[in-house]
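Chemist: One structure coming up, written as structure tokens, with questions to follow.
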Amino acid sequence: MATMKEGMVPFLTQDEIKEITKKLAREIEADFGNQELVIICPLKGSINFVADLMRELHNPQLLDFVYLTSTEKGGTTKIVKDISIDITGKNVLIVEEIIDAGRTLSFLRNRLFASQPAQLKIVTLLDKPARRELPLRPDYIGKTIDDRYVVGYGMDSDELGRNYKNIYNLKN
């Protein structure tokens, strides 16, 4: 793993991520007040961001996980692990670490809408609209980035780098 980091440069530090997370938590609290949130964590990349965001939010919270797989370039999306909480009539927050093409997230959003939540909102730490293939806009955006490959803080390269405290991108 050390060799992977050597080919990368820091993009966001642990402290910068923490500040972005705090800002997002305050925005979410402003919209939801003290209402309960059902937080949906798409596995695997969002786990670090979800944990930190949950600690920052003062709302009552329920947590559930979903694991989706999709094939490249407009292929099919499959549910490997679905949510287990009944979200009908509840406030739902999908927490993503990064949104690029948006195909899998669009599938998840449509799937959750079918359960008729009271509200369904999306928060992302990083938004990469240059890669978007579908008209999808998150409700809360930590940082908009250009089309760059990032690793760390849950994001990986062939499953490596998820444990890095900072976020890195490839050297140019």
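Each chain in the structure tokens gets a letter, A, B and so on, in the order shown; residues start at 1 in every chain, and ligands are counted from 1 in the order they appear.
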From range 75-115 of chain A, collect each residue whose DSSP state is alpha helix (DSSP H) and return the set as a VMD selection string.
Modeler: chain A and resid 103 to 113
Chemist: Which residues of range 28-115 of chain A sit at most 7 Å from range 126-146 of chain A, using only C-alpha atoms? Give each one's shortest atom pair and distance in Å (one decimal place), in chain and ascending residue order, as a tab-separated table.
Modeler:
residue	atom	partner	partner_atom	distance
A:Glu97	CA	A:Leu126	CA	6.1
A:Ile98	CA	A:Leu126	CA	4.5
A:Ile99	CA	A:Asp127	CA	5.1
A:Asp100	CA	A:Lys128	CA	4.8
A:Ala101	CA	A:Arg132	CA	4.0
A:Gly102	CA	A:Arg132	CA	5.9
A:Arg103	CA	A:Leu134	CA	6.7
Chemist: I need the chosen residues saved as a compact mmCIF listing (two decimals), in the first residue's frame, with N, CA and C atoms.
Modeler:
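What landed in result37.txt:
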# COMPACT_ATOMS: atom_id res chain seq x y z
N GLU A 97 -20.02 8.91 -0.45
CA GLU A 97 -18.69 9.53 -0.34
C GLU A 97 -18.35 10.31 -1.61
N ILE A 98 -18.79 9.81 -2.77
CA ILE A 98 -18.54 10.50 -4.03
C ILE A 98 -19.63 10.11 -5.03
N ILE A 99 -20.02 11.08 -5.85
CA ILE A 99 -20.98 10.81 -6.92
C ILE A 99 -20.32 11.20 -8.22
N ASP A 100 -20.25 10.24 -9.14
CA ASP A 100 -19.72 10.57 -10.47
C ASP A 100 -20.79 10.31 -11.52
N ALA A 101 -20.82 9.16 -12.16
CA ALA A 101 -21.79 8.89 -13.23
C ALA A 101 -23.24 8.98 -12.72
N GLY A 102 -23.48 8.48 -11.52
CA GLY A 102 -24.80 8.58 -10.92
C GLY A 102 -25.77 7.45 -11.24
N ARG A 103 -25.35 6.47 -12.03
CA ARG A 103 -26.27 5.39 -12.41
C ARG A 103 -26.72 4.56 -11.22
Chemist: Any chance you could list, as a PyMOL selection string, the residues in range 42-72 of chain A that come up strand (DSSP E or B) when DSSP is run on the backbone?
Modeler: chain A and resi 42+61-70
Chemist: Emit the selected residues as a PDB file, in the first residue's frame, including C-alpha atoms.
Modeler:
ATOM      1  CA  PRO A  42     -24.205   2.387   0.359  1.00  0.00           C
ATOM      2  CA  GLN A  61     -30.997   8.389  13.792  1.00  0.00           C
ATOM      3  CA  LEU A  62     -31.569   4.924  12.416  1.00  0.00           C
ATOM      4  CA  LEU A  63     -28.874   3.379  10.234  1.00  0.00           C
ATOM      5  CA  ASP A  64     -29.148   0.840   7.456  1.00  0.00           C
ATOM      6  CA  PHE A  65     -26.830  -0.456   4.761  1.00  0.00           C
ATOM      7  CA  VAL A  66     -27.322  -1.294   1.113  1.00  0.00           C
ATOM      8  CA  TYR A  67     -24.848  -2.973  -1.216  1.00  0.00           C
ATOM      9  CA  LEU A  68     -25.317  -2.551  -4.946  1.00  0.00           C
ATOM     10  CA  THR A  69     -23.252  -3.717  -7.886  1.00  0.00           C
ATOM     11  CA  SER A  70     -23.385  -2.419 -11.407  1.00  0.00           C
TER      12      SER A  70
END
Chemist: Expressed in Å to a single decimal, how great is the separation between CA of Lys90 in chain A and CA of Glu36 in chain A?
Modeler: 7.8 Å
Chemist: For CA of Val92 in chain A and CA of Asp52 in chain A, quote the distance in Å rounded to one decimal.
Modeler: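 A separation of 17.4 Å between them.
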Chemist: Would you mind telling me which residue in A:Asn91, A:Gly45, A:Val123, A:Asn169 lies nearest to Glu6 in chain A when using only C-alpha atoms?
Modeler: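 Of A:Asn91, A:Gly45, A:Val123, A:Asn169, the one nearest Glu6 in chain A is A:Asn169, counting only C-alpha atoms.
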Chemist: Show which residues sit within 7 Å of Gly7 in chain A, as a PyMOL selection string. Count only C-alpha atoms, and ignore same-chain residues fewer than 2 positions away.
Modeler: chain A and resi 3-5+170-171
Chemist: Restrict the selected residues to N, CA and C atoms and save them as a short mmCIF file (atom, residue, chain, number, x, y, z; two decimals), in the first residue's frame.
Modeler:
data_model
loop_
_atom_site.label_atom_id
_atom_site.label_comp_id
_atom_site.auth_asym_id
_atom_site.auth_seq_id
_atom_site.Cartn_x
_atom_site.Cartn_y
_atom_site.Cartn_z
N THR A 3 3.42 1.90 -1.64
CA THR A 3 3.78 2.27 -3.00
C THR A 3 2.63 2.98 -3.69
N MET A 4 1.38 2.63 -3.37
CA MET A 4 0.24 3.32 -3.98
C MET A 4 0.23 4.79 -3.55
N LYS A 5 0.46 5.07 -2.27
CA LYS A 5 0.48 6.43 -1.77
C LYS A 5 1.60 7.24 -2.42
N LEU A 170 -4.09 10.99 -8.08
CA LEU A 170 -2.89 10.63 -8.82
C LEU A 170 -2.09 11.86 -9.21
N LYS A 171 -0.78 11.69 -9.19
CA LYS A 171 0.10 12.78 -9.67
C LYS A 171 -0.15 12.98 -11.15
#
Chemist: Taking only C-alpha atoms into account, name the residue in A:Leu57, A:Val9, A:Leu112, A:Val38 that is nearest to Lys22 in chain A.
Modeler: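 Counting only C-alpha atoms, the residue closest to Lys22 in chain A is A:Leu57.
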Chemist: Considering only C-alpha atoms, state which residue in the set A:Ala25, A:Val150, A:Ile94, A:Ile87 is at the smallest distance from Ser115 in chain A.
Modeler: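 The shortest atom-to-atom distance to Ser115 in chain A comes from A:Ile87.
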